[in-house]
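Note sheet for the following structure.
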Amino acid sequence: MILFESVTKKYGPRITAVNEVNFKVGDGEFIFLIGPSGAGKTTVLRLLNREIMPTVGSVFIDDWEVNKLPKSKLPYLRRKVGFIFQDFKLLPDRTVGENIGVALEILNRSRQEINKRIGEVLDIVHLEDKLNYFPRQLSLGEQQRVAIGRAIAGNTSVILADEPTGNLDPKTSWEILKIINDINKEGKTVIMASHNVDIVNSMKKRVIVMKKGKIIKDEKRSRYL
Ligand SMILES: Nc1ncnc2c1ncn2[C@@H]1O[C@H](COP(=O)(O)OP(=O)(O)OP(=O)(O)O)[C@@H](O)[C@H]1O
Ligand SMILES: [Mg+2]
């Protein structure tokens, strides 16, 4: 369960990126977060993984108030919440396997456990044959699949995706969407910020529309516009 309770995020005195936002997301839901550039989508996602703190209000994931978690509990939050970025943010000097394993090393798993999990994750993102490749040796779609693998490696229950298809061609975008959708079908909650009209309209998922920091529409089985 994810809950935003009267959340406002200000950057300095003048910019209100998120303005008294309320919404609730059930376990296993798939939600598109849409709206014009500057609407506050990325800010909402960053509030959820505690990259930033609300100025006012509370953000809950399950029974944790994310904005009140002590620093010592942050590794547990990282275990629950995986993040996928538009520009992948892979480590260029690490292999595919190492990029996926990074998330697990933070969690103090044994080498054997980590290698086993990397194998499972490579299956899920269909990169079984790329274990020892470096990011520069992969296509953009493959790089994004590595990033998805990193996000889910810790068996996270929530996946946040910030325009994950923003740098990809339409066909590759759909491949990525299919993988994210498969992960959702396994029971993970997905919140995906997107400008991709075709994908949002085809999926018929719940759509939350933001504008100038406010939610202006929140509708099940919805579409763009
Ligand atoms: N670190 C920051 N410092 C100051 N202002 C910021 C910062 N991050 C975001 N903002 C501002 O907050 C508002 C919301 O930004 P946000 O990145 O959440 O929008 P967005 O909906 O993700 O837009 P886009 O579709 O372009 O990614 C914008 O006006 C933006 O300029
Ligand atoms: Mg954004």
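Chain identifiers are assigned as A, B, and so on, following the order in which chains appear in the structure tokens; residues are numbered from 1 within each chain, and ligands are numbered from 1 in order of appearance.
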
**Contacts of segment 14-18 of chain A at 6 Å (only C-alpha atoms; same-chain gap of 3+ positions) as a ChimeraX atom specification** = /A:8-11,40,213

**Message:** Taking 6 positions as the minimum chain separation for residues in the same chain, which residues sit within 7 Å of Thr95 of chain A when counting only C-alpha atoms? Answer as a PyMOL selection string.
**Reply:** chain A and resi 131-135

**Prompt:** Would you name the residues within 7 Å of ligand 2, counting only C-alpha atoms and all ligand atoms, and put them as a PyMOL selection string?
**Reply:** chain A and resi 37-38+40-42+162

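Using only C-alpha atoms for every distance, the candidate list A:Gly166, A:Pro75, A:Gly187, A:Gly101 yields A:Gly101 as the residue closest to Ala153 of chain A.
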
**Asked** For ligand 1, which residue out of A:Asn19, A:Asn49, A:Thr189, A:Ser202 is the nearest one, using only C-alpha atoms and all ligand atoms?
**Response** A:Asn19

**Prompt:** So which residues touch Glu186 of chain A within 12 Å, counting only C-alpha atoms, skipping near sequence neighbours fewer than 6 positions away, as an NGL selection string?
**Reply:** :A and (27-30 or 124 or 152 or 155-159 or 179-180)

Now that the selection is made, can you save its residues with all heavy atoms as an mmCIF file, in the first residue's frame?
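Full text of out21.cif as output:
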```
data_model
loop_
_atom_site.group_PDB
_atom_site.id
_atom_site.type_symbol
_atom_site.label_atom_id
_atom_site.label_comp_id
_atom_site.auth_asym_id
_atom_site.auth_seq_id
_atom_site.Cartn_x
_atom_site.Cartn_y
_atom_site.Cartn_z
ATOM 1 N N ASP A 27 -1.744 -2.745 -3.201
ATOM 2 C CA ASP A 27 -0.685 -3.687 -3.571
ATOM 3 C C ASP A 27 -0.992 -4.295 -4.933
ATOM 4 O O ASP A 27 -2.122 -4.696 -5.195
ATOM 5 C CB ASP A 27 -0.579 -4.814 -2.539
ATOM 6 C CG ASP A 27 -0.013 -4.299 -1.231
ATOM 7 O OD1 ASP A 27 0.595 -3.209 -1.242
ATOM 8 O OD2 ASP A 27 -0.191 -4.977 -0.215
ATOM 9 N N GLY A 28 0.002 -4.340 -5.791
ATOM 10 C CA GLY A 28 -0.138 -4.995 -7.080
ATOM 11 C C GLY A 28 -0.804 -4.149 -8.158
ATOM 12 O O GLY A 28 -1.021 -4.631 -9.265
ATOM 13 N N GLU A 29 -1.110 -2.901 -7.853
ATOM 14 C CA GLU A 29 -1.700 -2.025 -8.884
ATOM 15 C C GLU A 29 -0.634 -1.589 -9.900
ATOM 16 O O GLU A 29 0.560 -1.601 -9.611
ATOM 17 C CB GLU A 29 -2.305 -0.759 -8.244
ATOM 18 C CG GLU A 29 -3.752 -0.901 -7.816
ATOM 19 C CD GLU A 29 -4.410 0.468 -7.574
ATOM 20 O OE1 GLU A 29 -4.848 1.091 -8.556
ATOM 21 O OE2 GLU A 29 -4.469 0.887 -6.419
ATOM 22 N N PHE A 30 -1.104 -1.186 -11.075
ATOM 23 C CA PHE A 30 -0.237 -0.604 -12.107
ATOM 24 C C PHE A 30 -0.806 0.772 -12.426
ATOM 25 O O PHE A 30 -1.955 0.890 -12.841
ATOM 26 C CB PHE A 30 -0.252 -1.472 -13.363
ATOM 27 C CG PHE A 30 0.765 -1.100 -14.411
ATOM 28 C CD1 PHE A 30 1.582 -2.077 -14.960
ATOM 29 C CD2 PHE A 30 0.916 0.207 -14.856
ATOM 30 C CE1 PHE A 30 2.529 -1.755 -15.937
ATOM 31 C CE2 PHE A 30 1.861 0.546 -15.816
ATOM 32 C CZ PHE A 30 2.662 -0.449 -16.362
ATOM 33 N N ILE A 124 14.410 -13.161 -16.237
ATOM 34 C CA ILE A 124 13.205 -12.323 -16.247
ATOM 35 C C ILE A 124 13.314 -11.212 -17.296
ATOM 36 O O ILE A 124 12.351 -10.901 -17.986
ATOM 37 C CB ILE A 124 12.948 -11.701 -14.843
ATOM 38 C CG1 ILE A 124 12.656 -12.810 -13.821
ATOM 39 C CG2 ILE A 124 11.804 -10.687 -14.879
ATOM 40 C CD1 ILE A 124 12.628 -12.337 -12.378
ATOM 41 N N ILE A 152 14.710 -4.811 -9.730
ATOM 42 C CA ILE A 152 13.908 -5.897 -9.137
ATOM 43 C C ILE A 152 14.759 -6.922 -8.385
ATOM 44 O O ILE A 152 14.214 -7.807 -7.733
ATOM 45 C CB ILE A 152 13.066 -6.654 -10.203
ATOM 46 C CG1 ILE A 152 13.969 -7.341 -11.220
ATOM 47 C CG2 ILE A 152 12.082 -5.720 -10.885
ATOM 48 C CD1 ILE A 152 13.232 -8.300 -12.150
ATOM 49 N N ASN A 155 14.140 -8.240 -4.886
ATOM 50 C CA ASN A 155 12.774 -8.701 -4.641
ATOM 51 C C ASN A 155 11.893 -7.602 -4.073
ATOM 52 O O ASN A 155 11.104 -7.797 -3.138
ATOM 53 C CB ASN A 155 12.749 -9.900 -3.709
ATOM 54 C CG ASN A 155 12.216 -11.102 -4.455
ATOM 55 O OD1 ASN A 155 11.292 -10.962 -5.262
ATOM 56 N ND2 ASN A 155 12.808 -12.245 -4.210
ATOM 57 N N THR A 156 12.047 -6.425 -4.664
ATOM 58 C CA THR A 156 11.290 -5.247 -4.254
ATOM 59 C C THR A 156 9.800 -5.489 -4.484
ATOM 60 O O THR A 156 9.422 -6.193 -5.416
ATOM 61 C CB THR A 156 11.719 -4.062 -5.119
ATOM 62 O OG1 THR A 156 11.794 -4.509 -6.465
ATOM 63 C CG2 THR A 156 13.072 -3.545 -4.726
ATOM 64 N N SER A 157 8.959 -4.867 -3.673
ATOM 65 C CA SER A 157 7.521 -5.009 -3.885
ATOM 66 C C SER A 157 6.944 -3.834 -4.665
ATOM 67 O O SER A 157 5.817 -3.901 -5.141
ATOM 68 C CB SER A 157 6.798 -5.171 -2.554
ATOM 69 O OG SER A 157 7.145 -4.130 -1.685
ATOM 70 N N VAL A 158 7.709 -2.755 -4.794
ATOM 71 C CA VAL A 158 7.253 -1.568 -5.523
ATOM 72 C C VAL A 158 8.295 -1.195 -6.579
ATOM 73 O O VAL A 158 9.484 -1.113 -6.270
ATOM 74 C CB VAL A 158 7.073 -0.362 -4.569
ATOM 75 C CG1 VAL A 158 6.662 0.883 -5.332
ATOM 76 C CG2 VAL A 158 6.066 -0.674 -3.470
ATOM 77 N N ILE A 159 7.849 -0.987 -7.813
ATOM 78 C CA ILE A 159 8.743 -0.532 -8.882
ATOM 79 C C ILE A 159 8.308 0.864 -9.317
ATOM 80 O O ILE A 159 7.155 1.057 -9.736
ATOM 81 C CB ILE A 159 8.694 -1.472 -10.109
ATOM 82 C CG1 ILE A 159 9.018 -2.918 -9.722
ATOM 83 C CG2 ILE A 159 9.626 -0.982 -11.214
ATOM 84 C CD1 ILE A 159 10.420 -3.168 -9.283
ATOM 85 N N ILE A 179 7.955 -6.226 -20.239
ATOM 86 C CA ILE A 179 8.694 -6.760 -19.080
ATOM 87 C C ILE A 179 8.161 -6.140 -17.783
ATOM 88 O O ILE A 179 7.929 -6.840 -16.791
ATOM 89 C CB ILE A 179 10.211 -6.508 -19.242
ATOM 90 C CG1 ILE A 179 10.749 -7.369 -20.386
ATOM 91 C CG2 ILE A 179 10.951 -6.820 -17.939
ATOM 92 C CD1 ILE A 179 12.167 -7.068 -20.785
ATOM 93 N N ILE A 180 7.924 -4.828 -17.811
ATOM 94 C CA ILE A 180 7.392 -4.170 -16.606
ATOM 95 C C ILE A 180 6.004 -4.728 -16.288
ATOM 96 O O ILE A 180 5.668 -4.985 -15.127
ATOM 97 C CB ILE A 180 7.357 -2.633 -16.798
ATOM 98 C CG1 ILE A 180 8.784 -2.092 -16.906
ATOM 99 C CG2 ILE A 180 6.615 -1.960 -15.642
ATOM 100 C CD1 ILE A 180 8.881 -0.610 -17.230
#
```

**Request:** Could you give me, as a ChimeraX atom specification, each residue of chain A that DSSP assigns to helix (DSSP H, G or I) when run on this structure's backbone?
**Result:** /A:41-48,66-68,71-80,96-105,111-124,128-130,135-137,140-152,170-185,197-203

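Nearest residue to Leu74 of chain A, choosing from A:Ile106, A:Thr43, A:Val207, A:Gln86 and counting only C-alpha atoms: A:Ile106.
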
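Here atom CA of Lys80 of chain A is placed at a distance of 12.3 Å from atom CA of Phe60 of chain A.
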
**Asked** Which residues, written as JSON, numbers by chain, have at least one atom at most 12 Å from Glu65 of chain A, with only C-alpha atoms counted and residues fewer than 3 positions away on the same chain left out?
**Response** {"A": [1, 2, 3, 4, 5, 47, 48, 49, 50, 53, 54, 57, 58, 59, 60, 61, 62, 68, 69, 70, 73, 74, 77]}

Selected residues written out, N, CA, C and O atoms, as an mmCIF file, in the first residue's frame:
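So the final result, stored in selection-v9.cif, reads:
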```
data_model
loop_
_atom_site.group_PDB
_atom_site.id
_atom_site.type_symbol
_atom_site.label_atom_id
_atom_site.label_comp_id
_atom_site.auth_asym_id
_atom_site.auth_seq_id
_atom_site.Cartn_x
_atom_site.Cartn_y
_atom_site.Cartn_z
ATOM 1 N N MET A 1 0.842 -1.194 0.000
ATOM 2 C CA MET A 1 0.000 0.000 0.000
ATOM 3 C C MET A 1 0.885 1.255 0.000
ATOM 4 O O MET A 1 1.868 1.335 0.727
ATOM 5 N N ILE A 2 0.505 2.175 -0.876
ATOM 6 C CA ILE A 2 1.201 3.461 -0.925
ATOM 7 C C ILE A 2 0.170 4.547 -0.648
ATOM 8 O O ILE A 2 -0.944 4.496 -1.164
ATOM 9 N N LEU A 3 0.561 5.494 0.184
ATOM 10 C CA LEU A 3 -0.386 6.550 0.546
ATOM 11 C C LEU A 3 0.330 7.900 0.608
ATOM 12 O O LEU A 3 1.360 8.027 1.274
ATOM 13 N N PHE A 4 -0.205 8.855 -0.138
ATOM 14 C CA PHE A 4 0.238 10.255 -0.023
ATOM 15 C C PHE A 4 -0.845 11.005 0.751
ATOM 16 O O PHE A 4 -2.008 10.998 0.331
ATOM 17 N N GLU A 5 -0.464 11.623 1.849
ATOM 18 C CA GLU A 5 -1.427 12.363 2.659
ATOM 19 C C GLU A 5 -1.058 13.833 2.674
ATOM 20 O O GLU A 5 -0.050 14.220 3.290
ATOM 21 N N LEU A 47 9.856 11.375 -3.920
ATOM 22 C CA LEU A 47 9.359 11.400 -2.536
ATOM 23 C C LEU A 47 9.156 9.977 -2.023
ATOM 24 O O LEU A 47 9.324 9.698 -0.837
ATOM 25 N N LEU A 48 8.799 9.074 -2.944
ATOM 26 C CA LEU A 48 8.503 7.698 -2.551
ATOM 27 C C LEU A 48 9.745 6.900 -2.180
ATOM 28 O O LEU A 48 9.675 5.986 -1.371
ATOM 29 N N ASN A 49 10.878 7.221 -2.805
ATOM 30 C CA ASN A 49 12.076 6.452 -2.423
ATOM 31 C C ASN A 49 12.987 7.264 -1.503
ATOM 32 O O ASN A 49 14.135 6.910 -1.298
ATOM 33 N N ARG A 50 12.439 8.367 -0.977
ATOM 34 C CA ARG A 50 13.129 9.168 0.039
ATOM 35 C C ARG A 50 14.384 9.844 -0.501
ATOM 36 O O ARG A 50 15.317 10.142 0.242
ATOM 37 N N MET A 53 12.486 14.844 0.681
ATOM 38 C CA MET A 53 11.504 14.822 1.777
ATOM 39 C C MET A 53 10.360 15.781 1.462
ATOM 40 O O MET A 53 10.581 16.838 0.878
ATOM 41 N N PRO A 54 9.133 15.446 1.879
ATOM 42 C CA PRO A 54 8.048 16.414 1.709
ATOM 43 C C PRO A 54 8.285 17.650 2.586
ATOM 44 O O PRO A 54 8.901 17.538 3.646
ATOM 45 N N GLY A 57 3.238 17.121 5.026
ATOM 46 C CA GLY A 57 2.482 15.907 4.724
ATOM 47 C C GLY A 57 3.285 14.638 4.936
ATOM 48 O O GLY A 57 4.442 14.695 5.359
ATOM 49 N N SER A 58 2.646 13.513 4.626
ATOM 50 C CA SER A 58 3.263 12.207 4.894
ATOM 51 C C SER A 58 3.165 11.281 3.688
ATOM 52 O O SER A 58 2.163 11.285 2.981
ATOM 53 N N VAL A 59 4.208 10.501 3.520
ATOM 54 C CA VAL A 59 4.245 9.472 2.477
ATOM 55 C C VAL A 59 4.397 8.119 3.171
ATOM 56 O O VAL A 59 5.330 7.933 3.952
ATOM 57 N N PHE A 60 3.464 7.216 2.920
ATOM 58 C CA PHE A 60 3.527 5.893 3.544
ATOM 59 C C PHE A 60 3.751 4.817 2.488
ATOM 60 O O PHE A 60 3.175 4.866 1.402
ATOM 61 N N ILE A 61 4.596 3.845 2.827
ATOM 62 C CA ILE A 61 4.658 2.598 2.070
ATOM 63 C C ILE A 61 4.418 1.495 3.086
ATOM 64 O O ILE A 61 5.185 1.346 4.044
ATOM 65 N N ASP A 62 3.342 0.752 2.899
ATOM 66 C CA ASP A 62 2.889 -0.210 3.916
ATOM 67 C C ASP A 62 2.768 0.533 5.254
ATOM 68 O O ASP A 62 2.211 1.598 5.295
ATOM 69 N N LYS A 68 9.739 9.603 7.760
ATOM 70 C CA LYS A 68 10.200 9.552 9.152
ATOM 71 C C LYS A 68 11.156 8.392 9.413
ATOM 72 O O LYS A 68 11.599 8.189 10.531
ATOM 73 N N LEU A 69 11.455 7.611 8.371
ATOM 74 C CA LEU A 69 12.358 6.471 8.580
ATOM 75 C C LEU A 69 13.734 6.975 9.002
ATOM 76 O O LEU A 69 14.290 7.875 8.372
ATOM 77 N N PRO A 70 14.314 6.386 10.040
ATOM 78 C CA PRO A 70 15.680 6.765 10.381
ATOM 79 C C PRO A 70 16.645 6.285 9.294
ATOM 80 O O PRO A 70 16.358 5.300 8.598
ATOM 81 N N LYS A 73 17.352 2.676 8.626
ATOM 82 C CA LYS A 73 16.332 1.815 7.998
ATOM 83 C C LYS A 73 16.298 1.958 6.473
ATOM 84 O O LYS A 73 15.579 1.218 5.795
ATOM 85 N N LEU A 74 17.089 2.927 5.938
ATOM 86 C CA LEU A 74 17.016 3.165 4.483
ATOM 87 C C LEU A 74 17.351 1.936 3.635
ATOM 88 O O LEU A 74 16.723 1.718 2.606
ATOM 89 N N LEU A 77 14.225 0.201 2.969
ATOM 90 C CA LEU A 77 13.394 0.888 1.967
ATOM 91 C C LEU A 77 13.898 0.544 0.562
ATOM 92 O O LEU A 77 13.110 0.254 -0.339
#
```

**Request:** Please provide the set of residues having any atom within 9 Å of Ala103 of chain A, restricted to only C-alpha atoms, with same-chain residues fewer than 3 positions apart removed, written as a ChimeraX atom specification.
**Result:** /A:78-79,99-100,106-107,150-154

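Distances from A:Met203, A:Ile208, A:Val102, A:Leu122 to ligand 1 were compared using only C-alpha atoms and all ligand atoms, and the smallest one belongs to A:Ile208.
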
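Taking only C-alpha atoms and all ligand atoms into account, ligand 1 lies nearest to A:Arg46 out of the set A:Arg206, A:Arg94, A:Arg117, A:Arg46.
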
**Request:** Extract the full set of strand (DSSP E or B) residues from segment 3-217 of chain A according to DSSP on the backbone, and format it as a ChimeraX atom specification.
**Result:** /A:3-11,15-25,30-34,56-61,64-65,81-84,158-162,189-193,206-211,214-217

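Of the residues listed (A:Gly26, A:Pro164, A:Gly119, A:Gly12), A:Pro164 shows the shortest atom-to-atom separation from Phe83 of chain A; distances use only C-alpha atoms.
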
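Here atom 13 (C, counted along the ligand's line) of ligand 1 is placed at a distance of 21.4 Å from atom CA of Lys89 of chain A.
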